[in-house]
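Novice: What follows is start_28.cif; its format and atoms are mmCIF, C-alpha atoms.
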```cif
data_start
loop_
_atom_site.group_PDB
_atom_site.id
_atom_site.type_symbol
_atom_site.label_atom_id
_atom_site.label_comp_id
_atom_site.auth_asym_id
_atom_site.auth_seq_id
_atom_site.Cartn_x
_atom_site.Cartn_y
_atom_site.Cartn_z
ATOM 1 C CA MET A 589 -9.649 0.183 -18.290
ATOM 2 C CA LYS A 590 -11.539 -1.780 -15.663
ATOM 3 C CA THR A 591 -14.413 -0.177 -13.797
ATOM 4 C CA LYS A 592 -14.137 0.255 -10.029
ATOM 5 C CA SER A 593 -16.413 -2.762 -9.437
ATOM 6 C CA GLU A 594 -14.291 -4.982 -11.700
ATOM 7 C CA ARG A 595 -10.980 -4.289 -9.954
ATOM 8 C CA LEU A 596 -9.625 -6.671 -7.361
ATOM 9 C CA THR A 597 -9.647 -5.269 -3.833
ATOM 10 C CA VAL A 598 -5.973 -5.586 -2.965
ATOM 11 C CA LEU A 599 -6.059 -3.747 0.369
ATOM 12 C CA SER A 600 -8.573 -3.579 3.169
ATOM 13 C CA ASP A 601 -10.001 -0.191 4.129
ATOM 14 C CA ALA A 602 -7.625 -0.071 7.105
ATOM 15 C CA GLU A 603 -4.615 -0.905 4.911
ATOM 16 C CA GLN A 604 -5.624 1.743 2.365
ATOM 17 C CA GLU A 605 -5.908 4.277 5.166
ATOM 18 C CA ALA A 606 -2.483 3.299 6.514
ATOM 19 C CA LEU A 607 -0.841 3.903 3.126
ATOM 20 C CA TYR A 608 -2.909 6.678 1.605
ATOM 21 C CA GLY A 609 -4.726 8.356 4.464
ATOM 22 C CA LEU A 610 -3.592 11.654 5.970
ATOM 23 C CA PRO A 611 -1.344 10.920 8.990
ATOM 24 C CA ASP A 612 -3.058 11.164 12.368
ATOM 25 C CA PHE A 613 -0.211 11.986 14.725
ATOM 26 C CA ASP A 614 -0.290 11.608 18.467
ATOM 27 C CA ASP A 615 1.960 13.771 20.671
ATOM 28 C CA ALA A 616 4.952 11.444 20.406
ATOM 29 C CA GLN A 617 4.674 11.241 16.626
ATOM 30 C CA ARG A 618 4.519 15.027 16.326
ATOM 31 C CA LEU A 619 7.799 15.238 18.215
ATOM 32 C CA GLU A 620 9.265 12.588 15.926
ATOM 33 C CA TYR A 621 8.084 13.754 12.509
ATOM 34 C CA LEU A 622 7.493 17.486 12.934
ATOM 35 C CA ALA A 623 10.800 18.127 14.679
ATOM 36 C CA LEU A 624 12.737 19.383 11.648
ATOM 37 C CA THR A 625 16.440 19.481 10.954
ATOM 38 C CA GLU A 626 18.047 22.811 10.064
ATOM 39 C CA THR A 627 17.935 21.877 6.370
ATOM 40 C CA GLU A 628 14.279 20.890 6.509
ATOM 41 C CA LEU A 629 13.329 24.035 8.415
ATOM 42 C CA ALA A 630 15.314 26.178 5.966
ATOM 43 C CA LEU A 631 13.267 24.749 3.101
ATOM 44 C CA ALA A 632 9.991 25.486 4.877
ATOM 45 C CA SER A 633 11.137 28.977 5.859
ATOM 46 C CA SER A 634 11.989 29.784 2.231
ATOM 47 C CA ARG A 635 8.327 29.639 1.218
ATOM 48 C CA PRO A 636 6.471 32.938 0.767
ATOM 49 C CA GLY A 637 3.997 33.764 3.530
ATOM 50 C CA LEU A 638 3.440 32.200 6.940
ATOM 51 C CA HIS A 639 0.606 29.963 5.754
ATOM 52 C CA THR A 640 2.820 28.379 3.071
ATOM 53 C CA LYS A 641 5.650 27.936 5.586
ATOM 54 C CA VAL A 642 3.378 26.089 8.010
ATOM 55 C CA TYR A 643 1.941 24.012 5.180
ATOM 56 C CA CYS A 644 5.457 23.082 4.084
ATOM 57 C CA VAL A 645 6.467 21.985 7.593
ATOM 58 C CA LEU A 646 3.416 19.724 7.669
ATOM 59 C CA GLN A 647 4.173 18.379 4.192
ATOM 60 C CA ILE A 648 7.721 17.542 5.297
ATOM 61 C CA GLY A 649 6.504 15.797 8.454
ATOM 62 C CA TYR A 650 3.837 13.837 6.622
ATOM 63 C CA PHE A 651 6.315 12.819 3.947
ATOM 64 C CA LYS A 652 8.775 11.558 6.553
ATOM 65 C CA ALA A 653 5.964 9.488 8.071
ATOM 66 C CA LYS A 654 4.487 7.978 4.894
ATOM 67 C CA GLN A 655 6.786 8.806 1.963
ATOM 68 C CA SER A 656 3.826 10.351 0.211
ATOM 69 C CA PHE A 657 2.147 13.714 -0.240
ATOM 70 C CA PHE A 658 -1.330 14.848 0.760
ATOM 71 C CA ARG A 659 -3.773 17.639 0.032
ATOM 72 C CA PHE A 660 -5.466 18.761 3.232
ATOM 73 C CA ASP A 661 -7.576 21.576 4.649
ATOM 74 C CA TRP A 662 -6.500 23.442 7.758
ATOM 75 C CA ASN A 663 -9.433 22.076 9.765
ATOM 76 C CA GLU A 664 -8.109 18.534 9.201
ATOM 77 C CA VAL A 665 -4.782 19.298 10.865
ATOM 78 C CA ASP A 666 -5.673 21.530 13.817
ATOM 79 C CA ASP A 667 -3.404 19.860 16.377
ATOM 80 C CA ASP A 668 -0.454 19.499 14.002
ATOM 81 C CA CYS A 669 -0.825 23.113 12.906
ATOM 82 C CA ALA A 670 -0.862 24.305 16.528
ATOM 83 C CA PHE A 671 2.305 22.287 17.210
ATOM 84 C CA VAL A 672 4.117 23.849 14.241
ATOM 85 C CA LEU A 673 3.065 27.390 15.120
ATOM 86 C CA ASN A 674 4.125 26.945 18.764
ATOM 87 C CA HIS A 675 7.521 25.426 17.917
ATOM 88 C CA TYR A 676 8.625 27.418 14.889
ATOM 89 C CA PHE A 677 6.503 30.549 14.489
ATOM 90 C CA HIS A 678 5.493 31.386 18.044
ATOM 91 C CA GLY A 679 3.676 34.693 18.379
ATOM 92 C CA GLU A 680 3.292 35.294 14.640
ATOM 93 C CA SER A 681 -0.140 36.149 13.276
ATOM 94 C CA PHE A 682 -1.439 33.164 11.320
ATOM 95 C CA GLU A 683 -4.235 33.245 8.764
ATOM 96 C CA ARG A 684 -5.615 30.011 7.342
ATOM 97 C CA LYS A 685 -5.241 31.019 3.721
ATOM 98 C CA SER A 686 -5.734 28.537 0.897
ATOM 99 C CA ILE A 687 -2.659 26.943 -0.674
ATOM 100 C CA THR A 688 -2.538 27.321 -4.423
ATOM 101 C CA LYS A 689 -2.077 24.299 -6.638
ATOM 102 C CA HIS A 690 1.195 25.771 -7.897
ATOM 103 C CA GLU A 691 2.543 26.182 -4.343
ATOM 104 C CA HIS A 692 1.464 22.658 -3.375
ATOM 105 C CA TYR A 693 3.318 21.064 -6.269
ATOM 106 C CA ALA A 694 6.350 23.326 -5.895
ATOM 107 C CA GLN A 695 6.672 22.136 -2.288
ATOM 108 C CA ARG A 696 6.250 18.520 -3.332
ATOM 109 C CA GLU A 697 9.061 18.841 -5.846
ATOM 110 C CA GLN A 698 11.470 20.447 -3.399
ATOM 111 C CA ILE A 699 10.659 18.036 -0.545
ATOM 112 C CA ALA A 700 11.104 15.006 -2.817
ATOM 113 C CA GLU A 701 14.454 16.388 -3.938
ATOM 114 C CA LEU A 702 15.487 17.061 -0.336
ATOM 115 C CA PHE A 703 14.935 13.407 0.613
ATOM 116 C CA GLY A 704 16.305 12.007 -2.650
ATOM 117 C CA TYR A 705 12.966 10.655 -3.867
ATOM 118 C CA ARG A 706 11.757 10.605 -7.461
ATOM 119 C CA PRO A 707 8.116 11.425 -8.234
ATOM 120 C CA TRP A 708 6.036 8.584 -9.647
ATOM 121 C CA THR A 709 5.701 8.581 -13.438
ATOM 122 C CA ALA A 710 4.331 6.042 -15.888
ATOM 123 C CA ASP A 711 7.933 5.277 -16.871
ATOM 124 C CA PHE A 712 8.298 3.282 -13.650
ATOM 125 C CA LEU A 713 5.275 1.097 -14.391
ATOM 126 C CA SER A 714 7.245 -1.516 -16.341
ATOM 127 C CA GLN A 715 9.829 -1.940 -13.556
ATOM 128 C CA LEU A 716 7.137 -2.159 -10.906
ATOM 129 C CA GLY A 717 5.243 -4.677 -13.041
ATOM 130 C CA GLN A 718 8.333 -6.886 -13.272
ATOM 131 C CA GLN A 719 8.726 -6.749 -9.507
ATOM 132 C CA ALA A 720 5.048 -7.621 -9.062
ATOM 133 C CA THR A 721 5.444 -10.634 -11.362
ATOM 134 C CA LEU A 722 8.403 -11.958 -9.362
ATOM 135 C CA THR A 723 6.594 -11.360 -6.079
ATOM 136 C CA ALA A 724 3.439 -13.172 -7.229
ATOM 137 C CA ARG A 725 5.509 -16.309 -7.856
ATOM 138 C CA ARG A 726 6.322 -16.339 -4.153
ATOM 139 C CA ASP A 727 2.838 -15.584 -2.816
ATOM 140 C CA VAL A 728 -0.386 -14.624 -4.615
ATOM 141 C CA THR A 729 -1.957 -12.968 -1.582
ATOM 142 C CA PRO A 730 -2.815 -9.432 -2.769
ATOM 143 C CA GLY A 731 -1.742 -7.781 0.473
ATOM 144 C CA PHE A 732 1.638 -9.520 0.357
ATOM 145 C CA VAL A 733 2.268 -8.384 -3.225
ATOM 146 C CA VAL A 734 1.363 -4.780 -2.360
ATOM 147 C CA ALA A 735 3.598 -4.797 0.735
ATOM 148 C CA GLU A 736 6.567 -6.058 -1.287
ATOM 149 C CA LEU A 737 5.983 -3.417 -3.959
ATOM 150 C CA ILE A 738 5.890 -0.656 -1.341
ATOM 151 C CA ILE A 739 9.182 -1.943 0.083
ATOM 152 C CA TRP A 740 10.708 -1.972 -3.410
ATOM 153 C CA LEU A 741 9.521 1.575 -4.126
ATOM 154 C CA ASN A 742 10.948 2.854 -0.846
ATOM 155 C CA GLU A 743 14.268 1.089 -1.423
ATOM 156 C CA HIS A 744 14.516 2.756 -4.839
ATOM 157 C CA LYS A 745 13.224 6.063 -3.440
ATOM 158 C CA ILE A 746 10.287 6.294 -5.801
ATOM 159 C CA ILE A 747 7.116 7.914 -4.512
ATOM 160 C CA ARG A 748 4.357 5.336 -4.727
ATOM 161 C CA PRO A 749 1.577 5.729 -7.284
ATOM 162 C CA GLY A 750 -2.070 6.272 -6.427
ATOM 163 C CA TYR A 751 -4.126 3.386 -5.124
ATOM 164 C CA THR A 752 -5.982 2.807 -8.399
ATOM 165 C CA THR A 753 -2.697 2.366 -10.298
ATOM 166 C CA LEU A 754 -1.433 -0.084 -7.681
ATOM 167 C CA GLN A 755 -4.780 -1.887 -7.624
ATOM 168 C CA GLU A 756 -4.871 -2.372 -11.405
ATOM 169 C CA LEU A 757 -1.240 -3.504 -11.536
ATOM 170 C CA VAL A 758 -1.679 -6.119 -8.803
ATOM 171 C CA SER A 759 -4.988 -7.335 -10.265
ATOM 172 C CA GLU A 760 -3.465 -7.822 -13.710
ATOM 173 C CA THR A 761 -0.360 -9.471 -12.252
ATOM 174 C CA LEU A 762 -2.344 -12.003 -10.234
ATOM 175 C CA SER A 763 -4.562 -12.808 -13.215
ATOM 176 C CA ALA A 764 -1.476 -13.392 -15.361
ATOM 177 C CA GLU A 765 0.059 -15.615 -12.663
ATOM 178 C CA ARG A 766 -3.096 -17.736 -12.479
ATOM 179 C CA ARG A 767 -3.040 -18.137 -16.261
ATOM 180 C CA ARG A 768 0.640 -19.110 -16.131
ATOM 181 C CA LEU A 769 0.049 -21.724 -13.435
ATOM 182 C CA GLY A 770 -2.985 -23.021 -15.294
ATOM 183 C CA GLY A 771 -0.892 -23.447 -18.420
ATOM 184 C CA LEU A 772 1.801 -25.327 -16.516
ATOM 185 C CA LEU A 773 -0.795 -27.652 -14.997
ATOM 186 C CA THR A 774 -2.377 -28.296 -18.371
ATOM 187 C CA GLU A 775 0.987 -29.263 -19.827
ATOM 188 C CA ALA A 776 1.939 -31.456 -16.861
ATOM 189 C CA MET A 777 -1.316 -33.398 -16.399
ATOM 190 C CA ASP A 778 -2.184 -36.480 -18.374
ATOM 191 C CA ASP A 779 -5.731 -37.692 -19.074
ATOM 192 C CA ALA A 780 -5.817 -39.860 -15.949
ATOM 193 C CA ALA A 781 -4.850 -36.937 -13.738
ATOM 194 C CA ARG A 782 -7.460 -34.677 -15.356
ATOM 195 C CA THR A 783 -10.136 -37.307 -14.770
ATOM 196 C CA ALA A 784 -9.139 -37.713 -11.130
ATOM 197 C CA LEU A 785 -9.192 -33.954 -10.595
ATOM 198 C CA ALA A 786 -12.590 -33.645 -12.248
ATOM 199 C CA GLN A 787 -13.969 -36.239 -9.841
ATOM 200 C CA LEU A 788 -12.633 -34.231 -6.901
ATOM 201 C CA LEU A 789 -14.508 -31.196 -8.154
ATOM 202 C CA VAL A 790 -17.891 -32.942 -8.396
ATOM 203 C CA ARG A 791 -20.219 -31.573 -5.719
ATOM 204 C CA ASP A 792 -22.273 -33.878 -3.578
ATOM 205 C CA ASP A 793 -24.722 -32.132 -1.264
ATOM 206 C CA THR A 794 -22.748 -29.084 -0.051
ATOM 207 C CA LEU A 795 -19.038 -29.814 -0.506
ATOM 208 C CA SER A 796 -16.926 -31.035 -3.373
ATOM 209 C CA GLN A 797 -14.435 -33.734 -2.469
ATOM 210 C CA LEU A 798 -11.643 -31.238 -3.057
ATOM 211 C CA ALA A 799 -13.199 -28.789 -0.600
ATOM 212 C CA ALA A 800 -13.558 -31.593 1.930
ATOM 213 C CA LEU A 801 -9.878 -32.443 1.512
ATOM 214 C CA LYS A 802 -8.957 -28.872 2.397
ATOM 215 C CA GLN A 803 -10.890 -28.924 5.670
ATOM 216 C CA ASP A 804 -8.796 -29.325 8.803
ATOM 217 C CA ALA A 805 -9.472 -32.111 11.265
ATOM 218 C CA LYS A 806 -11.886 -31.120 14.037
ATOM 219 C CA ASP A 807 -9.851 -32.797 16.740
ATOM 220 C CA PHE A 808 -7.148 -35.422 17.322
ATOM 221 C CA GLY A 809 -9.563 -38.305 17.881
ATOM 222 C CA TRP A 810 -8.852 -41.603 16.142
ATOM 223 C CA ARG A 811 -11.724 -41.219 13.641
ATOM 224 C CA GLN A 812 -10.455 -37.828 12.541
ATOM 225 C CA MET A 813 -6.913 -39.146 12.268
ATOM 226 C CA ILE A 814 -8.058 -42.044 10.085
ATOM 227 C CA ARG A 815 -9.778 -39.549 7.802
ATOM 228 C CA GLU A 816 -6.606 -37.470 7.649
ATOM 229 C CA ARG A 817 -4.621 -40.566 6.595
ATOM 230 C CA GLU A 818 -7.195 -41.312 3.894
ATOM 231 C CA LYS A 819 -7.041 -37.742 2.629
ATOM 232 C CA ARG A 820 -3.265 -37.874 2.558
ATOM 233 C CA ALA A 821 -3.321 -41.103 0.562
ATOM 234 C CA LEU A 822 -5.789 -39.642 -1.933
ATOM 235 C CA LEU A 823 -3.685 -36.533 -2.412
#
```
Translate this structure into structure tokens?

Specialist:
Amino acid sequence: MKTKSERLTVLSDAEQEALYGLPDFDDAQRLEYLALTETELALASSRPGLHTKVYCVLQIGYFKAKQSFFRFDWNEVDDDCAFVLNHYFHGESFERKSITKHEHYAQREQIAELFGYRPWTADFLSQLGQQATLTARRDVTPGFVVAELIIWLNEHKIIRPGYTTLQELVSETLSAERRRLGGLLTEAMDDAARTALAQLLVRDDTLSQLAALKQDAKDFGWRQMIREREKRALL
């Protein structure tokens, strides 16, 4: 297994937060996600104790928002908790008791079943890997691959794995795709092409010729346009 420093960063901090961070609802989002149907409210109301009922309402709302589950402390969800108490349990005495691990996972199982989702297991890794391989042949940008995998998981109603699992899968997929493309290039190129490419990679001062070819023209002046024509001819 790769160490944390060896793994490819496939999502920015903001993207990780968007997928894996606890939802931060504004007033409109609370009305959207914490307004439960009769079936959803019946599930929450079936839990033992007011604190577990409130926790379940929040779990349902957060799942609807992100198709994922979260562990959270009461002080992290003050405004959401106040909304739930006011709308569904008005006037009842609420104590911020801890939620047991058993209760947390029991709620997860029932909420996933309610929405028709399957919990992530290692059995799905092969299917997700195949999807990642196909996606990488379209675009090797890590963020694009992750976005397509999330779409695939949601379409198949599979709860997404943790970030480390996703990170390792995408890293390995992109490495394999680079090796595949490298093999295809090796087979397709003759000695003359290899020599020409090697010359492009030779550095002179600060830029290799290949790097210079990739630079965009600074303007539309005639000198720059002549250089663009020369670059095009060389390519």

Novice: Starting from the PyMOL selection byres ((chain A and resi 675) around 12), expand the selection into actual residues of this file and give them as JSON, numbers by chain.

Specialist: {"A": [618, 619, 622, 623, 624, 629, 642, 645, 668, 669, 670, 671, 672, 673, 674, 676, 677, 678, 679, 680]}

Novice: Which one of A:Arg782, A:His690, A:Arg815, A:Lys745 sits closest to Phe712 of chain A if you count only C-alpha atoms?

Specialist: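 Looking at the shortest contact to Phe712 of chain A, the residue is A:Lys745.
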
Novice: To one decimal place, how far is atom CA of Glu701 of chain A from atom CA of Glu603 of chain A in Å?

Specialist: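 Pair atom CA of Glu701 of chain A / atom CA of Glu603 of chain A returns 27.2 Å.
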
Novice: With distances taken over only C-alpha atoms, which of A:Ile687, A:Ile738, A:Ala781, A:Ala776 is nearest to Gly637 of chain A?

Specialist: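 Smallest separation from Gly637 of chain A among the options: A:Ile687.
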
Novice: Please compute the atom CA of Thr709 of chain A-atom CA of Val758 of chain A distance, one decimal, in Å.

Specialist: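 We find that atom CA of Thr709 of chain A and atom CA of Val758 of chain A lie 17.1 Å from each other.
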
Novice: From the options A:Ile739, A:Ala780, A:Leu722, A:Ile747, which residue's atoms come nearest to Glu697 of chain A, counting only C-alpha atoms?

Specialist: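 Distance minimum relative to Glu697 of chain A lands on A:Ile747.
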
Novice: Just how far from atom CA of Asp727 of chain A is atom CA of Glu760 of chain A, in Å to one decimal?

Specialist: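 These atoms are spaced 14.8 Å apart.
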
Novice: So, with all atoms listed in the file as the atoms that count, which of A:Ser681, A:Thr597, A:Thr625, A:Gln787 lies closest to Tyr751 of chain A?

Specialist: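 For Tyr751 of chain A, the nearest of the candidates is A:Thr597.
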
Novice: Could you name the residues that touch His639 of chain A at 9 Å or less, counting all atoms listed in the file, but leaving out those on the same chain fewer than 6 positions away, as a PyMOL selection string?

Specialist: chain A and resi 682-687

Novice: How big is the axis-aligned box, and where does its centre sit, when it encloses all atoms of segment 759-776 of chain A listed in the file and has 6 Å added on every side, reported in Å to one decimal as JSON?

Specialist:
```
{"center_x": -1.5, "center_y": -19.4, "center_z": -15.0, "size_x": 18.9, "size_y": 36.1, "size_z": 21.6}
```

Novice: Is it possible to get the residues within 12 Å of (8.6, 8.7, 3.9) (coordinates as in the file, counting only C-alpha atoms) written as JSON, numbers by chain?

Specialist: {"A": [607, 608, 611, 621, 647, 648, 649, 650, 651, 652, 653, 654, 655, 656, 657, 699, 700, 702, 703, 704, 705, 706, 738, 739, 741, 742, 743, 745, 746, 747, 748]}

Novice: Taking the file as shown, find all residues satisfying the PyMOL selection byres ((chain A and resi 729-731) around 8) and write them as a PyMOL selection string.

Specialist: chain A and resi 598-599+724+727-728+732-735+758+762

Novice: For Pro636 of chain A, please output as JSON, numbers by chain all residues within 12 Å (counting all atoms listed in the file; exclusion window: fewer than 3 positions along the same chain).

Specialist: {"A": [631, 632, 633, 639, 640, 641, 642, 643, 644, 687, 688, 691, 694, 695]}

Novice: Determine the nearest neighbour of Ala630 of chain A from the options A:Thr761, A:Gln698, A:Leu713, A:Leu785, counting all atoms listed in the file.

Specialist: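 Comparing A:Thr761, A:Gln698, A:Leu713, A:Leu785 against Ala630 of chain A, the winner is A:Gln698.
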
Novice: With only C-alpha atoms as the atoms that count, which of A:His744, A:His692, A:Lys819, A:Arg767 lies nearest to Asp804 of chain A?

Specialist: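 Closest candidate: A:Lys819.
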
Novice: Pull N, CA, C and O atoms for segment 696-721 of chain A from the block and write them as a PDB file, in the first residue's frame.

Specialist:
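Heads up, here's the output in selection_0.pdb:
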```
ATOM      1  N   ARG A 696     -27.602   3.984   9.500  1.00  0.00           N
ATOM      2  CA  ARG A 696     -27.032   3.968   8.146  1.00  0.00           C
ATOM      3  C   ARG A 696     -27.661   2.879   7.287  1.00  0.00           C
ATOM      4  O   ARG A 696     -28.036   3.105   6.132  1.00  0.00           O
ATOM      5  N   GLU A 697     -27.770   1.692   7.870  1.00  0.00           N
ATOM      6  CA  GLU A 697     -28.319   0.558   7.124  1.00  0.00           C
ATOM      7  C   GLU A 697     -29.758   0.809   6.717  1.00  0.00           C
ATOM      8  O   GLU A 697     -30.142   0.560   5.563  1.00  0.00           O
ATOM      9  N   GLN A 698     -30.561   1.327   7.631  1.00  0.00           N
ATOM     10  CA  GLN A 698     -31.974   1.546   7.327  1.00  0.00           C
ATOM     11  C   GLN A 698     -32.175   2.703   6.348  1.00  0.00           C
ATOM     12  O   GLN A 698     -33.059   2.651   5.483  1.00  0.00           O
ATOM     13  N   ILE A 699     -31.367   3.753   6.473  1.00  0.00           N
ATOM     14  CA  ILE A 699     -31.485   4.894   5.549  1.00  0.00           C
ATOM     15  C   ILE A 699     -31.061   4.485   4.139  1.00  0.00           C
ATOM     16  O   ILE A 699     -31.719   4.843   3.154  1.00  0.00           O
ATOM     17  N   ALA A 700     -29.976   3.727   4.036  1.00  0.00           N
ATOM     18  CA  ALA A 700     -29.528   3.245   2.722  1.00  0.00           C
ATOM     19  C   ALA A 700     -30.617   2.396   2.077  1.00  0.00           C
ATOM     20  O   ALA A 700     -30.919   2.543   0.881  1.00  0.00           O
ATOM     21  N   GLU A 701     -31.230   1.541   2.874  1.00  0.00           N
ATOM     22  CA  GLU A 701     -32.305   0.689   2.344  1.00  0.00           C
ATOM     23  C   GLU A 701     -33.503   1.528   1.916  1.00  0.00           C
ATOM     24  O   GLU A 701     -34.120   1.269   0.873  1.00  0.00           O
ATOM     25  N   LEU A 702     -33.820   2.554   2.696  1.00  0.00           N
ATOM     26  CA  LEU A 702     -34.953   3.424   2.369  1.00  0.00           C
ATOM     27  C   LEU A 702     -34.781   4.078   1.001  1.00  0.00           C
ATOM     28  O   LEU A 702     -35.738   4.180   0.227  1.00  0.00           O
ATOM     29  N   PHE A 703     -33.556   4.500   0.689  1.00  0.00           N
ATOM     30  CA  PHE A 703     -33.307   5.187  -0.586  1.00  0.00           C
ATOM     31  C   PHE A 703     -32.808   4.247  -1.683  1.00  0.00           C
ATOM     32  O   PHE A 703     -32.467   4.694  -2.775  1.00  0.00           O
ATOM     33  N   GLY A 704     -32.766   2.952  -1.385  1.00  0.00           N
ATOM     34  CA  GLY A 704     -32.378   1.978  -2.411  1.00  0.00           C
ATOM     35  C   GLY A 704     -30.903   1.942  -2.709  1.00  0.00           C
ATOM     36  O   GLY A 704     -30.495   1.489  -3.790  1.00  0.00           O
ATOM     37  N   TYR A 705     -30.081   2.406  -1.764  1.00  0.00           N
ATOM     38  CA  TYR A 705     -28.626   2.410  -1.967  1.00  0.00           C
ATOM     39  C   TYR A 705     -27.993   1.177  -1.324  1.00  0.00           C
ATOM     40  O   TYR A 705     -28.497   0.659  -0.313  1.00  0.00           O
ATOM     41  N   ARG A 706     -26.891   0.737  -1.924  1.00  0.00           N
ATOM     42  CA  ARG A 706     -26.117  -0.368  -1.361  1.00  0.00           C
ATOM     43  C   ARG A 706     -24.849   0.181  -0.712  1.00  0.00           C
ATOM     44  O   ARG A 706     -24.178   1.036  -1.304  1.00  0.00           O
ATOM     45  N   PRO A 707     -24.512  -0.285   0.482  1.00  0.00           N
ATOM     46  CA  PRO A 707     -23.277   0.169   1.123  1.00  0.00           C
ATOM     47  C   PRO A 707     -22.066  -0.243   0.296  1.00  0.00           C
ATOM     48  O   PRO A 707     -22.087  -1.271  -0.395  1.00  0.00           O
ATOM     49  N   TRP A 708     -21.019   0.556   0.362  1.00  0.00           N
ATOM     50  CA  TRP A 708     -19.778   0.226  -0.341  1.00  0.00           C
ATOM     51  C   TRP A 708     -19.130  -1.001   0.297  1.00  0.00           C
ATOM     52  O   TRP A 708     -19.037  -1.108   1.511  1.00  0.00           O
ATOM     53  N   THR A 709     -18.709  -1.950  -0.557  1.00  0.00           N
ATOM     54  CA  THR A 709     -17.896  -3.074  -0.110  1.00  0.00           C
ATOM     55  C   THR A 709     -16.782  -3.275  -1.124  1.00  0.00           C
ATOM     56  O   THR A 709     -16.843  -2.770  -2.264  1.00  0.00           O
ATOM     57  N   ALA A 710     -15.781  -4.030  -0.737  1.00  0.00           N
ATOM     58  CA  ALA A 710     -14.648  -4.284  -1.630  1.00  0.00           C
ATOM     59  C   ALA A 710     -15.077  -5.034  -2.886  1.00  0.00           C
ATOM     60  O   ALA A 710     -14.356  -5.029  -3.896  1.00  0.00           O
ATOM     61  N   ASP A 711     -16.244  -5.670  -2.843  1.00  0.00           N
ATOM     62  CA  ASP A 711     -16.732  -6.405  -4.014  1.00  0.00           C
ATOM     63  C   ASP A 711     -16.996  -5.483  -5.203  1.00  0.00           C
ATOM     64  O   ASP A 711     -16.978  -5.928  -6.360  1.00  0.00           O
ATOM     65  N   PHE A 712     -17.237  -4.204  -4.916  1.00  0.00           N
ATOM     66  CA  PHE A 712     -17.512  -3.252  -6.000  1.00  0.00           C
ATOM     67  C   PHE A 712     -16.231  -2.687  -6.619  1.00  0.00           C
ATOM     68  O   PHE A 712     -16.295  -1.976  -7.624  1.00  0.00           O
ATOM     69  N   LEU A 713     -15.090  -2.986  -6.019  1.00  0.00           N
ATOM     70  CA  LEU A 713     -13.844  -2.352  -6.448  1.00  0.00           C
ATOM     71  C   LEU A 713     -13.494  -2.695  -7.890  1.00  0.00           C
ATOM     72  O   LEU A 713     -13.033  -1.843  -8.654  1.00  0.00           O
ATOM     73  N   SER A 714     -13.731  -3.947  -8.279  1.00  0.00           N
ATOM     74  CA  SER A 714     -13.412  -4.372  -9.648  1.00  0.00           C
ATOM     75  C   SER A 714     -14.258  -3.607 -10.669  1.00  0.00           C
ATOM     76  O   SER A 714     -13.744  -3.124 -11.683  1.00  0.00           O
ATOM     77  N   GLN A 715     -15.561  -3.496 -10.393  1.00  0.00           N
ATOM     78  CA  GLN A 715     -16.451  -2.760 -11.315  1.00  0.00           C
ATOM     79  C   GLN A 715     -16.050  -1.291 -11.409  1.00  0.00           C
ATOM     80  O   GLN A 715     -16.029  -0.711 -12.502  1.00  0.00           O
ATOM     81  N   LEU A 716     -15.747  -0.707 -10.264  1.00  0.00           N
ATOM     82  CA  LEU A 716     -15.360   0.707 -10.264  1.00  0.00           C
ATOM     83  C   LEU A 716     -14.024   0.891 -10.980  1.00  0.00           C
ATOM     84  O   LEU A 716     -13.820   1.892 -11.674  1.00  0.00           O
ATOM     85  N   GLY A 717     -13.128  -0.080 -10.825  1.00  0.00           N
ATOM     86  CA  GLY A 717     -11.842  -0.021 -11.520  1.00  0.00           C
ATOM     87  C   GLY A 717     -12.016  -0.075 -13.035  1.00  0.00           C
ATOM     88  O   GLY A 717     -11.340   0.642 -13.776  1.00  0.00           O
ATOM     89  N   GLN A 718     -12.928  -0.913 -13.500  1.00  0.00           N
ATOM     90  CA  GLN A 718     -13.206  -0.992 -14.938  1.00  0.00           C
ATOM     91  C   GLN A 718     -13.746   0.334 -15.459  1.00  0.00           C
ATOM     92  O   GLN A 718     -13.366   0.797 -16.549  1.00  0.00           O
ATOM     93  N   GLN A 719     -14.636   0.939 -14.685  1.00  0.00           N
ATOM     94  CA  GLN A 719     -15.182   2.236 -15.078  1.00  0.00           C
ATOM     95  C   GLN A 719     -14.092   3.299 -15.106  1.00  0.00           C
ATOM     96  O   GLN A 719     -14.056   4.156 -16.003  1.00  0.00           O
ATOM     97  N   ALA A 720     -13.186   3.252 -14.128  1.00  0.00           N
ATOM     98  CA  ALA A 720     -12.083   4.210 -14.083  1.00  0.00           C
ATOM     99  C   ALA A 720     -11.185   4.056 -15.304  1.00  0.00           C
ATOM    100  O   ALA A 720     -10.725   5.049 -15.891  1.00  0.00           O
ATOM    101  N   THR A 721     -10.930   2.812 -15.699  1.00  0.00           N
ATOM    102  CA  THR A 721     -10.083   2.551 -16.871  1.00  0.00           C
ATOM    103  C   THR A 721     -10.703   3.136 -18.136  1.00  0.00           C
ATOM    104  O   THR A 721     -10.017   3.782 -18.940  1.00  0.00           O
TER     105      THR A 721
END
```
